[in-house]
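**Q** Quick one: the structure is below, and I'll ask about it shortly.
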Amino acid sequence: MKIAVLVKQVPSPESPLPLVSNEDWLDESQVAYIMNESDNYALEEALQIREKNNDGEVVVVSLGPDRTQKVIREALSKGADRGIHIQSKDKYPTDPLLAGSLFAETLKEENFDIIFSGLQSDDLGYGQTGIILGELLGMSTATLAMSTEIINNKIKVKRELEAGYFQWVTMSLPASISVQSGCNTPRYPSLKGIMGAKKKEIHVVTPSVKDQNQSIKKIYAPSSAKETVMIEGSVDQVVEKLVTVFRNEIKIA
Amino acid sequence: MDILVVLEDNNGTIHRMGIESVAAAQHISNTLGLSTGALVMGKNTNSLLSEASEYDLDEVLFINNELLNEYSSDGYAEAVKQVIDQENPTYVLFGHSYQVRDYVPRVSAKLMRPFLADSISIHVDEKEVSLTKQMFNAKLFTDISPHGDTPFLISFQSASFLSDDAVQGNAKTREVSISLDSSMIKSESEEPFKESSGGVDLSAAELIVSVGRGIGKEENIPMVQDLAEALGAEISSSRPVVDSGWLPPSHQVGSSGQAVSPKMYLALGISGAIQHVVGMKASKNIVVINKDPEAPIFEIADYGVVGDLLEIIPKLTEAIQSK
Amino acid sequence: MHDIYFSFAEKIVLGLGIITCLASFIYEVSRRLLIVFKGLGTLPFDRFGARFWRMFREVFLHEKVVKGRFWPGLMHAFVFWGFVIFGLVTIDHFAKGFGFSLLSPNAHKVYTMIVTPFSILVIVGILSLAYRRFITKPKALGKLSPTSGLVAFFIVVLMVTYLIGEREISAFFWKINWWIHSAIILAFLFLIPRSKHLHLVLAPINIFFRPFDQPDHTPVNIDLEGSEEELDDMLAGLTKMTQNQALDIFSCVECGRCVDVCPANRGGGILDPKHHFILDLREPLLDTKDVDVLSQINVEAGWECTTCQACTEVCPVGNHVEKSDEIRRLEVLVEGKVPQEYQKLFTNLQETGNTEGATNSPLAERLPKFTQDKEYVLWLGCFARYELDPEFTKSVENFTKILDVANVTYGILEQEHCSGDPVNRLGDKLTYSMLREHNMEQLSEAKKVVTLCPHCALNLEKEYSKYDTITYTVEHHTQVIEQLITDERIKVNKTANGKITYHDPCNLSRMLDEVDAPRTAINAASDNFIELPESGKNTLCCGAGGGLWWKKETTGRTHLVRAEQVVESEADTVITGCNFCYGMMNQGLKPLTPEGRNEIKVKDLADLVAENISQ
């Protein structure tokens, strides 16, 4: 079974996010990068399927600038077999439609049985790339997957629905599945994995130059338009003021 | 039509986010004088159609095709793509629901047109359209413009527009047909199920007292329940509280729980992560008590208290009970 | 009794009995020792004098046995001293069976006068212990042990038969009595090595060889440039016990003191050091006849350990009980199975050199930077640098205030990375080596280092020395403060208010062996100092050690047990000497303080001294 895992390098949640002066993107020199959180779970899902079936190949693919190779190497140290780095020269992360197209162009010939991706990236947060790629390669797709199972050459996916509902969907392979954080317990690279990753191949691809489908005009910190009324004082004073607000302003109790 | 709103079925009625998209369409239409339409499909087409036609739209389209009776991403993506090919709208609007996240990226790929998902506001004038989207877990906002030819696919985050703002009216209805082959549907779905028994329909609640990780431990939950009882409110929580097993999942508010819009939402010890906020920001009055003055939830609060929950809650309960 | 006649047949039987049981004894002891010698490393003979003196105190004076549990300890002391005294008696007893006596009749009379009261003490001792074990049934002793019952019975019978044997009775009964006594001794020889009573033989030896430093774990040297074979060899070695560890397993007397003092166990966790760290490994050692057994340690229990070394400190037979280091390093380095909350911690340390993944520290920016002309490097540690408890920042500033008053020069290292304590204790030795190498370089110009964090101090000094030679000395801030007080470079006034108590941090009291310095300073500031139960080297860990500060899902109450004791002490203020203890007390005390009581103030020693110092 050939499985691909799409991973993305994104700013860490603890990283500062300073903007460049003309405010169209971040000052990346100040940013700390890590592997996108839900991609960790996608990788783990792929590795577990490979282990359960006792065979197959897990290929990790990433689109981004040179620094992206770090997260590819990380995935290799956790057990992926080889990596593909699609170089991006874009100033900011590629929009999902273009990203999906670039992935499709590069991975077409590989004929993957399953492509796993994380639900959405912690930078742009669109949550589309895996599905778009699936469509372009003619695969079945599903997102918000909480659990997957391979049965009889099909894949069964537990989709998360709204209001606490779930649904199992069986779909034919090949399939591109975007998984939700929490769907498994990601492993940590073992020492052997870390050392061995150095010898694994990362194939660098320079894709055809294409324009993005959208542009970021401005990036800025949100202003709180809402005027929050802060209630202060000792515990007793606060309680009294709250009760007054409930009664007179919100008109309840 | 210029603006097509794709509506979603919520067990026979229109999904609330669809109504919000109607409000969005009407807003854009008013600004630019564009024509508006909606699309319904699936096994409850008839009831959705009659509900949709009571809104101020130019027309409501419907598809009767049994291959669309059950949702599948294969079927719905293809159907919507074909309708867009036929109708040639400039903007296609969706609510950013779980279902939309599942199939609309495929429409984007089929049409090779960008899908500006999870937008919180739209700015249109004759020259260009730009959408505002949150990035980096809502720490930053971006204004984004799509390139190239229309149509542009756009989905709006829950409560970016208010369903209350959707204007009523009288819309014409028109059937549209699409060609679908059963071989194009490569999946089979089972019945949806809930993992825990005993649900609470928070979406209908007038008053909600919601508890987050700031409550500290399971032993402190009863004091929150006492306060809710004193107020005559329902109890809800953020995801970490449910994950820790302190409350059943049916109480969860947020993107993977219920969406609520009560008259008052009292948030206790909730930090305000985006996944939670999207579920409750449509609340009319948001009152926040949290010991961290930097908690993001204060951004959307109408009233805020920086203080110790364990001290305030029991006294608040007592004060309400005594009066 | 005058000499009784033993027939030739009897002598043969006796001879055969002795030979068989002695052979069995030697066989069982040897096969265990052979396993011990398969262990890695060697048994230490360094500091011979100190080792011998310690062994004398702990074995002959029964120091730890009595200290941990006074009355049972004393009763055991009776049995032990009786056992020692009886040595000559026993040899003489068997000699009689072969027809001669070691002692002349006069010597015998004197000896009997000495031994008889001991035999009474032994009976009193063993019966009290049996009562405790079988009637009171304390939990620490675990399941009822038939061998213990048998041994108690044997000892009583031995003493009784001895006493009878000294009386004038008919030859017939005297002989029967003699044979009973002999049979029991031979049975003892058979039983001892097969049970926990092997501690009779091994405990003195094990105590002699016990490491002086705690914790004592083999350093894990990782050579990232090495070959795959070298890596495989190193990893294979991680599952093997050292000689000292294997000796521990066979010396364990199953008393359960380690369980009693374990904060994880007291907090309701599953960790039971007696079983998880020691006894569970006994069968694997014996079955495989080899020391490759560390992977058998219970993983879940291993993650609960706070690495506080209370178990090691209290063990009366000299065991280094704690083995969380051994199992965690296997889980991390070999298996890649790391609990989720720790994965984030490890990644933060790798990416940014600190536990929080932060990129700047307002505190570090405010403080003076180290230059060669300054006396001390003030090592901050991640807790202070990144404000894991924002109130502790004041404590750091109070310490700098004290240094300023005393005109002591200091500066911080701008490129200070985490000392590595969390990853060292959690098993990620690779990240630890990265941090260590970076810090060693930063400290290359330093001569003296002072820090408020005992975890940092312990790593910078003792742990780093296991890998490289260090060129600096490390002091804990309480030690510097004490020195400034004794040297009269600062004057502390007895103006502190209220009842003050002190919580000994486990890293400071046990591992850095510092108990007095904070007390000197507290007593300089206050006359109203009360000790907590389990203080000094027997301190009960606050629950944050071993990386557990970062463990998000806290099941159990490990982190609250000590806080409860502080509340019960009714002190107005609790002083700590460690930022983690400070943070834990800050979090734990409020919810536990009963209605109506004032909140107990939490202060670092630097706060107390700075508040009462003469400018």
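By convention in this document, the chains of the structure tokens carry letters A, B, ... by their order, each chain's residues are numbered from 1, and ligands are numbered from 1 in the order they are shown.
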What are the closest atom pairs, with distances in Å to one decimal, for each residue of chain C lying within 9 Å of chain A, using only C-alpha atoms, rows by chain and rising residue number, as JSON lines?
**A**
{"residue": "C:Leu224", "atom": "CA", "partner": "A:Met195", "partner_atom": "CA", "distance": 7.0}
{"residue": "C:Glu225", "atom": "CA", "partner": "A:Met195", "partner_atom": "CA", "distance": 8.7}
{"residue": "C:Glu228", "atom": "CA", "partner": "A:Met195", "partner_atom": "CA", "distance": 8.3}
{"residue": "C:Leu231", "atom": "CA", "partner": "A:Lys192", "partner_atom": "CA", "distance": 7.5}
{"residue": "C:Asp232", "atom": "CA", "partner": "A:Lys192", "partner_atom": "CA", "distance": 8.1}
{"residue": "C:Leu235", "atom": "CA", "partner": "A:Leu191", "partner_atom": "CA", "distance": 8.7}
{"residue": "C:Glu331", "atom": "CA", "partner": "A:Ser190", "partner_atom": "CA", "distance": 8.4}
{"residue": "C:Val332", "atom": "CA", "partner": "A:Ser190", "partner_atom": "CA", "distance": 6.3}
{"residue": "C:Leu333", "atom": "CA", "partner": "A:Ser190", "partner_atom": "CA", "distance": 4.8}
{"residue": "C:Val334", "atom": "CA", "partner": "A:Ser190", "partner_atom": "CA", "distance": 5.2}
{"residue": "C:Glu335", "atom": "CA", "partner": "A:Ser190", "partner_atom": "CA", "distance": 5.7}
{"residue": "C:Gly336", "atom": "CA", "partner": "A:Ser190", "partner_atom": "CA", "distance": 4.2}
{"residue": "C:Lys337", "atom": "CA", "partner": "A:Arg187", "partner_atom": "CA", "distance": 5.6}
{"residue": "C:Val338", "atom": "CA", "partner": "A:Tyr188", "partner_atom": "CA", "distance": 5.9}
{"residue": "C:Pro339", "atom": "CA", "partner": "A:Thr185", "partner_atom": "CA", "distance": 8.5}
{"residue": "C:Gln340", "atom": "CA", "partner": "A:Thr185", "partner_atom": "CA", "distance": 7.4}
{"residue": "C:Gln343", "atom": "CA", "partner": "A:Tyr188", "partner_atom": "CA", "distance": 6.8}
{"residue": "C:Thr347", "atom": "CA", "partner": "A:Ile34", "partner_atom": "CA", "distance": 8.7}
{"residue": "C:Glu351", "atom": "CA", "partner": "A:Ala32", "partner_atom": "CA", "distance": 7.7}
{"residue": "C:Thr352", "atom": "CA", "partner": "A:Ala32", "partner_atom": "CA", "distance": 8.1}
{"residue": "C:Glu356", "atom": "CA", "partner": "A:Glu14", "partner_atom": "CA", "distance": 7.8}
{"residue": "C:Gly357", "atom": "CA", "partner": "A:Glu14", "partner_atom": "CA", "distance": 6.0}
{"residue": "C:Ala358", "atom": "CA", "partner": "A:Glu14", "partner_atom": "CA", "distance": 6.3}
{"residue": "C:Thr359", "atom": "CA", "partner": "A:Ser15", "partner_atom": "CA", "distance": 7.1}
{"residue": "C:Leu430", "atom": "CA", "partner": "A:Leu191", "partner_atom": "CA", "distance": 7.7}
**Q** Could you pull out all residues of region 51-221 of chain A with a DSSP call of strand (DSSP E or B) and give them as JSON, numbers by chain?
**A** {"A": [57, 58, 59, 60, 61, 62, 63, 64, 82, 83, 84, 85, 86, 87, 114, 115, 116, 117, 118, 140, 141, 142, 143, 144, 145, 146, 147, 148, 149, 150, 151, 154, 155, 156, 157, 158, 159, 160, 165, 166, 167, 168, 169, 170, 171, 172, 175, 176, 177, 178, 179, 202, 203, 204, 205, 214, 215, 216, 217, 218, 219, 220]}
**Q** Do you know which residues are at most 7 Å from Ile132 (chain A) counting only C-alpha atoms, after dropping those on the same chain fewer than 3 positions away, and could you put them as a PyMOL selection string?
**A** (chain A and resi 97+100+128-129+135-136) or (chain B and resi 105-106+109)
**Q** Find the spatial neighbours of Val6 (chain B), counting only C-alpha atoms, within a cut-off of 6 Å - ignore same-chain residues fewer than 3 positions away - and output them as a count of residues only.
**A** 3
**Q** Calculated over only C-alpha atoms, which of the candidates B:Asp9, B:Glu311, B:Glu175, B:Glu191 has the smallest distance to chain C?
**A**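 With only C-alpha atoms as the atom set, the closest residue is B:Glu311.
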**Q** Which of these residues is nearest to Ile63 (chain B), using only C-alpha atoms: B:Gln275, B:Ser29, B:Ser250, B:Ser179?
**A**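 Going through B:Gln275, B:Ser29, B:Ser250, B:Ser179 one by one, the smallest distance to Ile63 (chain B) is for B:Ser179.
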**Q** Using only C-alpha atoms, which residue out of B:Leu247, B:Ala233, B:Ile14, B:Met41 lies closest to chain A?
**A**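 Closest to chain A of all the choices is B:Ala233.
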**Q** Kindly indicate which residue among A:Ile114, A:Ile177, A:Met139, A:Ala163 lies nearest to chain B, using only C-alpha atoms for the distances.
**A** A:Ala163
**Q** Region 7-18 of chain C: which residues within 8 Å, counting only C-alpha atoms, same-chain residues fewer than 6 positions away excluded, as a list of chain:residue names?
**A**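 So the residues in contact are C:Gly97, C:Phe98, C:Leu186.
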**Q** Next, the residues of the selection above should be written as a PDB file, in the first residue's frame with N, CA, C and O atoms.
**A**
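Okay, this is what ended up in selection.pdb:
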ATOM      1  N   GLY C  97      28.168 -30.989  68.602  1.00  0.00           N
ATOM      2  CA  GLY C  97      27.663 -32.158  67.902  1.00  0.00           C
ATOM      3  C   GLY C  97      28.781 -33.049  67.407  1.00  0.00           C
ATOM      4  O   GLY C  97      28.595 -34.246  67.194  1.00  0.00           O
ATOM      5  N   PHE C  98      29.947 -32.440  67.224  1.00  0.00           N
ATOM      6  CA  PHE C  98      31.085 -33.252  66.784  1.00  0.00           C
ATOM      7  C   PHE C  98      31.982 -33.636  67.936  1.00  0.00           C
ATOM      8  O   PHE C  98      33.036 -34.221  67.734  1.00  0.00           O
ATOM      9  N   LEU C 186      19.807 -25.199  60.152  1.00  0.00           N
ATOM     10  CA  LEU C 186      20.053 -25.706  58.806  1.00  0.00           C
ATOM     11  C   LEU C 186      18.906 -25.298  57.870  1.00  0.00           C
ATOM     12  O   LEU C 186      19.129 -24.965  56.709  1.00  0.00           O
TER      13      LEU C 186
END
**Q** Using Å and a single decimal, report how far CA of Leu363 (chain C) sits from CA of Val396 (chain C).
**A**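 One can read the CA of Val396 (chain C) to CA of Leu363 (chain C) distance as 9.1 Å.
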**Q** Would you work out the distance separating CA of Ala77 (chain C) from CA of Leu279 (chain C), expressed in Å to one decimal?
**A**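 Interatomic distance, CA of Ala77 (chain C) to CA of Leu279 (chain C): 24.2 Å.
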**Q** One decimal, Å: what's the distance from CA of Val7 (chain A) over to CA of Ser108 (chain B), could you say?
**A** 21.0 Å
**Q** Using the chain letters and numbers from this document, which residues of region 43-269 of chain B does DSSP assign to helix (DSSP H, G or I), as a ChimeraX atom specification?
**A** /B:45-52,66-68,73-87,98-111,163-165,182-184,202-204,213-215,218-231,239-243,249-251
**Q** Please identify all polymer residues within 7 Å of region 580-583 of chain C, counting only C-alpha atoms, omitting same-chain residues fewer than 4 positions from it, and present them as a PyMOL selection string.
**A** chain C and resi 389+505+542+544+576+587+602+604
**Q** Would you save the residues of that selection, restricted to C-alpha atoms, as a PDB file, in the first residue's frame?
**A**
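So the final result, stored in out29.pdb, reads:
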ATOM      1  CA  ASP C 389       4.766  31.495  37.956  1.00  0.00           C
ATOM      2  CA  PRO C 505      12.807  20.978  48.104  1.00  0.00           C
ATOM      3  CA  CYS C 542       5.809  18.918  46.156  1.00  0.00           C
ATOM      4  CA  ALA C 544       6.477  18.897  40.376  1.00  0.00           C
ATOM      5  CA  THR C 576      10.488  27.324  49.827  1.00  0.00           C
ATOM      6  CA  GLN C 587      -1.445  26.592  43.166  1.00  0.00           C
ATOM      7  CA  VAL C 602       4.133  31.512  49.922  1.00  0.00           C
ATOM      8  CA  ASP C 604      10.957  32.046  48.552  1.00  0.00           C
TER       9      ASP C 604
END
**Q** If we count only C-alpha atoms and set the cut-off at 12 Å, which residues sit around Lys2 (chain A), ignoring sequence neighbours fewer than 6 positions away in its own chain? Please answer as a compact mmCIF listing (two decimals) with all heavy atoms, in the first residue's frame.
**A**
# COMPACT_ATOMS: atom_id res chain seq x y z
N ALA A 46 -0.95 7.32 8.89
CA ALA A 46 -0.31 6.61 7.79
C ALA A 46 0.64 5.54 8.31
O ALA A 46 0.66 4.40 7.84
CB ALA A 46 0.45 7.60 6.90
N LEU A 47 1.44 5.90 9.32
CA LEU A 47 2.42 4.94 9.86
C LEU A 47 1.73 3.75 10.49
O LEU A 47 2.19 2.62 10.38
CB LEU A 47 3.33 5.64 10.87
CG LEU A 47 4.27 6.71 10.30
CD1 LEU A 47 4.95 7.48 11.42
CD2 LEU A 47 5.30 6.09 9.38
N ILE A 49 -1.20 2.47 9.66
CA ILE A 49 -1.74 1.61 8.60
C ILE A 49 -0.61 0.79 8.01
O ILE A 49 -0.75 -0.42 7.77
CB ILE A 49 -2.45 2.43 7.50
CG1 ILE A 49 -3.74 3.03 8.06
CG2 ILE A 49 -2.72 1.58 6.27
CD1 ILE A 49 -4.48 3.87 7.08
N ARG A 50 0.54 1.41 7.80
CA ARG A 50 1.67 0.68 7.24
C ARG A 50 2.11 -0.44 8.18
O ARG A 50 2.40 -1.55 7.76
CB ARG A 50 2.84 1.66 6.99
CG ARG A 50 3.83 1.19 5.96
CD ARG A 50 5.23 0.87 6.49
NE ARG A 50 5.72 1.64 7.59
CZ ARG A 50 6.65 2.57 7.48
NH1 ARG A 50 7.16 2.86 6.31
NH2 ARG A 50 7.06 3.21 8.54
N ASN A 53 -0.52 -3.34 8.22
CA ASN A 53 -0.47 -4.18 7.02
C ASN A 53 0.89 -4.79 6.80
O ASN A 53 1.09 -5.55 5.87
CB ASN A 53 -0.82 -3.35 5.77
CG ASN A 53 -2.28 -2.97 5.77
OD1 ASN A 53 -3.09 -3.68 6.33
ND2 ASN A 53 -2.61 -1.86 5.15
N ASP A 55 3.36 -3.84 5.46
CA ASP A 55 4.10 -3.56 4.25
C ASP A 55 3.66 -2.20 3.74
O ASP A 55 2.76 -1.59 4.28
CB ASP A 55 3.88 -4.64 3.18
CG ASP A 55 2.71 -4.29 2.26
OD1 ASP A 55 1.56 -4.45 2.71
OD2 ASP A 55 2.95 -3.82 1.14
N GLY A 56 4.30 -1.75 2.68
CA GLY A 56 3.87 -0.51 2.09
C GLY A 56 4.90 0.58 2.29
O GLY A 56 5.93 0.40 2.92
N GLU A 57 4.58 1.73 1.74
CA GLU A 57 5.54 2.82 1.76
C GLU A 57 4.81 4.08 2.21
O GLU A 57 3.68 4.34 1.78
CB GLU A 57 6.05 3.01 0.33
CG GLU A 57 7.32 3.82 0.23
CD GLU A 57 7.67 4.16 -1.21
OE1 GLU A 57 6.84 3.95 -2.10
OE2 GLU A 57 8.80 4.64 -1.42
N VAL A 58 5.44 4.83 3.07
CA VAL A 58 4.86 6.11 3.49
C VAL A 58 5.77 7.21 2.98
O VAL A 58 6.95 7.27 3.32
CB VAL A 58 4.74 6.21 5.02
CG1 VAL A 58 4.30 7.60 5.43
CG2 VAL A 58 3.76 5.16 5.53
N VAL A 59 5.22 8.07 2.12
CA VAL A 59 6.00 9.13 1.52
C VAL A 59 5.49 10.46 2.05
O VAL A 59 4.29 10.73 2.00
CB VAL A 59 5.85 9.11 -0.02
CG1 VAL A 59 6.70 10.20 -0.65
CG2 VAL A 59 6.23 7.75 -0.56
N VAL A 60 6.40 11.28 2.56
CA VAL A 60 5.95 12.56 3.10
C VAL A 60 6.27 13.66 2.08
O VAL A 60 7.34 13.68 1.48
CB VAL A 60 6.60 12.83 4.48
CG1 VAL A 60 8.10 12.86 4.39
CG2 VAL A 60 6.08 14.10 5.08
N ALA A 80 8.59 7.74 8.23
CA ALA A 80 8.26 7.81 6.82
C ALA A 80 9.48 7.33 6.02
O ALA A 80 10.62 7.45 6.48
CB ALA A 80 7.90 9.24 6.42
N ASP A 81 9.21 6.78 4.83
CA ASP A 81 10.30 6.14 4.08
C ASP A 81 11.10 7.11 3.23
O ASP A 81 12.33 7.03 3.18
CB ASP A 81 9.73 5.04 3.19
CG ASP A 81 9.07 3.97 4.02
OD1 ASP A 81 9.80 3.31 4.79
OD2 ASP A 81 7.84 3.80 3.93
N ARG A 82 10.41 7.99 2.53
CA ARG A 82 11.14 9.01 1.77
C ARG A 82 10.33 10.29 1.74
O ARG A 82 9.15 10.29 2.05
CB ARG A 82 11.47 8.53 0.36
CG ARG A 82 10.27 8.17 -0.49
CD ARG A 82 10.70 7.63 -1.85
NE ARG A 82 9.59 6.92 -2.47
CZ ARG A 82 8.71 7.51 -3.30
NH1 ARG A 82 8.83 8.80 -3.61
NH2 ARG A 82 7.71 6.82 -3.81
N LEU A 107 2.64 14.43 -7.87
CA LEU A 107 2.38 13.09 -7.33
C LEU A 107 1.59 12.20 -8.27
O LEU A 107 1.37 11.03 -7.99
CB LEU A 107 1.60 13.21 -6.00
CG LEU A 107 2.28 14.03 -4.91
CD1 LEU A 107 1.41 14.07 -3.67
CD2 LEU A 107 3.64 13.43 -4.58
N GLU A 110 2.81 8.74 -9.10
CA GLU A 110 3.13 7.83 -8.01
C GLU A 110 1.99 6.86 -7.73
O GLU A 110 2.20 5.81 -7.14
CB GLU A 110 3.43 8.63 -6.73
CG GLU A 110 4.65 9.51 -6.83
CD GLU A 110 5.83 8.92 -6.09
OE1 GLU A 110 5.80 7.72 -5.74
OE2 GLU A 110 6.80 9.66 -5.86
N ASN A 111 0.77 7.25 -8.11
CA ASN A 111 -0.39 6.36 -7.89
C ASN A 111 -0.52 5.91 -6.45
O ASN A 111 -0.47 4.72 -6.14
CB ASN A 111 -0.31 5.14 -8.80
CG ASN A 111 -0.57 5.52 -10.24
OD1 ASN A 111 -1.44 6.35 -10.51
ND2 ASN A 111 0.21 4.97 -11.14
N PHE A 112 -0.68 6.86 -5.56
CA PHE A 112 -0.85 6.54 -4.15
C PHE A 112 -2.22 5.90 -3.91
O PHE A 112 -3.20 6.27 -4.54
CB PHE A 112 -0.73 7.80 -3.29
CG PHE A 112 0.69 8.27 -3.16
CD1 PHE A 112 1.12 9.42 -3.81
CD2 PHE A 112 1.61 7.54 -2.41
CE1 PHE A 112 2.44 9.84 -3.71
CE2 PHE A 112 2.93 7.96 -2.30
CZ PHE A 112 3.35 9.11 -2.96
N ASP A 113 -2.27 4.97 -2.97
CA ASP A 113 -3.56 4.39 -2.58
C ASP A 113 -4.30 5.33 -1.65
O ASP A 113 -5.52 5.48 -1.74
CB ASP A 113 -3.33 3.05 -1.86
CG ASP A 113 -2.67 2.04 -2.76
OD1 ASP A 113 -3.31 1.64 -3.75
OD2 ASP A 113 -1.50 1.69 -2.51
N ILE A 114 -3.55 5.92 -0.72
CA ILE A 114 -4.17 6.85 0.22
C ILE A 114 -3.29 8.09 0.35
O ILE A 114 -2.06 7.98 0.36
CB ILE A 114 -4.31 6.24 1.62
CG1 ILE A 114 -4.96 4.86 1.57
CG2 ILE A 114 -5.11 7.16 2.55
CD1 ILE A 114 -5.00 4.17 2.92
N ILE A 115 -3.92 9.23 0.43
CA ILE A 115 -3.19 10.44 0.78
C ILE A 115 -3.80 10.99 2.06
O ILE A 115 -5.01 11.24 2.13
CB ILE A 115 -3.27 11.51 -0.33
CG1 ILE A 115 -2.67 10.96 -1.62
CG2 ILE A 115 -2.53 12.78 0.11
CD1 ILE A 115 -2.66 11.94 -2.77
N PHE A 116 -2.97 11.14 3.09
CA PHE A 116 -3.45 11.73 4.34
C PHE A 116 -2.97 13.17 4.43
O PHE A 116 -1.85 13.49 4.04
CB PHE A 116 -2.91 10.96 5.56
CG PHE A 116 -3.66 9.69 5.85
CD1 PHE A 116 -3.03 8.46 5.74
CD2 PHE A 116 -4.99 9.73 6.24
CE1 PHE A 116 -3.71 7.29 6.03
CE2 PHE A 116 -5.68 8.56 6.52
CZ PHE A 116 -5.04 7.34 6.40
N LEU A 173 -10.94 3.03 -2.73
CA LEU A 173 -9.60 3.58 -2.89
C LEU A 173 -9.38 3.84 -4.37
O LEU A 173 -9.99 3.19 -5.21
CB LEU A 173 -8.57 2.58 -2.37
CG LEU A 173 -8.62 2.29 -0.88
CD1 LEU A 173 -7.61 1.20 -0.53
CD2 LEU A 173 -8.34 3.53 -0.08
N PRO A 174 -8.49 4.75 -4.73
CA PRO A 174 -7.68 5.59 -3.85
C PRO A 174 -8.49 6.71 -3.19
O PRO A 174 -9.52 7.12 -3.72
CB PRO A 174 -6.63 6.17 -4.80
CG PRO A 174 -7.27 6.19 -6.13
CD PRO A 174 -8.21 5.03 -6.15
N ALA A 175 -8.02 7.15 -2.04
CA ALA A 175 -8.77 8.16 -1.30
C ALA A 175 -7.81 9.18 -0.71
O ALA A 175 -6.68 8.86 -0.35
CB ALA A 175 -9.57 7.50 -0.18
**Q** Counting only C-alpha atoms, which residues from chain B have an atom at most 12 Å from any atom of chain C, and could you show them as a short mmCIF file (atom, residue, chain, number, x, y, z; two decimals) with N, CA, C and O atoms, in the first residue's frame?
**A**
data_model
loop_
_atom_site.label_atom_id
_atom_site.label_comp_id
_atom_site.auth_asym_id
_atom_site.auth_seq_id
_atom_site.Cartn_x
_atom_site.Cartn_y
_atom_site.Cartn_z
N ARG B 213 -11.82 25.16 31.18
CA ARG B 213 -10.77 24.51 31.96
C ARG B 213 -10.38 25.30 33.19
O ARG B 213 -9.85 24.77 34.15
N ILE B 215 -12.02 26.21 35.53
CA ILE B 215 -12.72 25.79 36.75
C ILE B 215 -11.80 24.91 37.60
O ILE B 215 -12.02 24.72 38.79
N GLY B 216 -10.78 24.37 36.95
CA GLY B 216 -9.74 23.67 37.71
C GLY B 216 -9.91 22.18 37.77
O GLY B 216 -9.09 21.43 37.26
N LYS B 217 -10.95 21.71 38.39
CA LYS B 217 -11.11 20.26 38.52
C LYS B 217 -12.57 19.87 38.57
O LYS B 217 -13.45 20.70 38.80
N GLU B 218 -12.79 18.58 38.38
CA GLU B 218 -14.14 18.05 38.30
C GLU B 218 -14.94 18.37 39.56
O GLU B 218 -16.15 18.61 39.50
N GLU B 219 -14.27 18.39 40.68
CA GLU B 219 -14.96 18.63 41.95
C GLU B 219 -15.63 20.00 42.00
O GLU B 219 -16.51 20.23 42.83
N ASN B 220 -15.19 20.91 41.13
CA ASN B 220 -15.77 22.25 41.15
C ASN B 220 -16.96 22.39 40.21
O ASN B 220 -17.59 23.45 40.17
N PRO B 240 -12.14 21.18 26.26
CA PRO B 240 -11.27 20.53 27.25
C PRO B 240 -12.03 19.93 28.43
O PRO B 240 -11.65 18.89 28.96
N VAL B 241 -13.11 20.57 28.82
CA VAL B 241 -13.90 20.05 29.95
C VAL B 241 -14.53 18.72 29.58
O VAL B 241 -14.58 17.78 30.38
N ASP B 243 -13.38 16.72 27.14
CA ASP B 243 -12.28 15.77 26.94
C ASP B 243 -11.80 15.20 28.27
O ASP B 243 -11.37 14.07 28.33
N SER B 244 -11.87 16.02 29.32
CA SER B 244 -11.43 15.53 30.63
C SER B 244 -12.48 14.67 31.29
O SER B 244 -12.26 14.13 32.37
N GLY B 245 -13.64 14.58 30.64
CA GLY B 245 -14.70 13.74 31.19
C GLY B 245 -15.51 14.39 32.29
O GLY B 245 -16.28 13.74 32.99
N ASP B 308 -11.30 35.38 40.51
CA ASP B 308 -11.19 33.98 40.85
C ASP B 308 -12.57 33.33 40.85
O ASP B 308 -13.41 33.63 41.68
N LEU B 309 -12.74 32.39 39.92
CA LEU B 309 -14.02 31.71 39.79
C LEU B 309 -14.49 31.09 41.09
O LEU B 309 -15.67 31.16 41.45
N LEU B 310 -13.53 30.43 41.77
CA LEU B 310 -13.92 29.64 42.93
C LEU B 310 -14.44 30.53 44.06
O LEU B 310 -15.16 30.07 44.95
N GLU B 311 -14.05 31.82 44.01
CA GLU B 311 -14.57 32.75 45.02
C GLU B 311 -15.88 33.36 44.57
O GLU B 311 -16.83 33.52 45.35
#
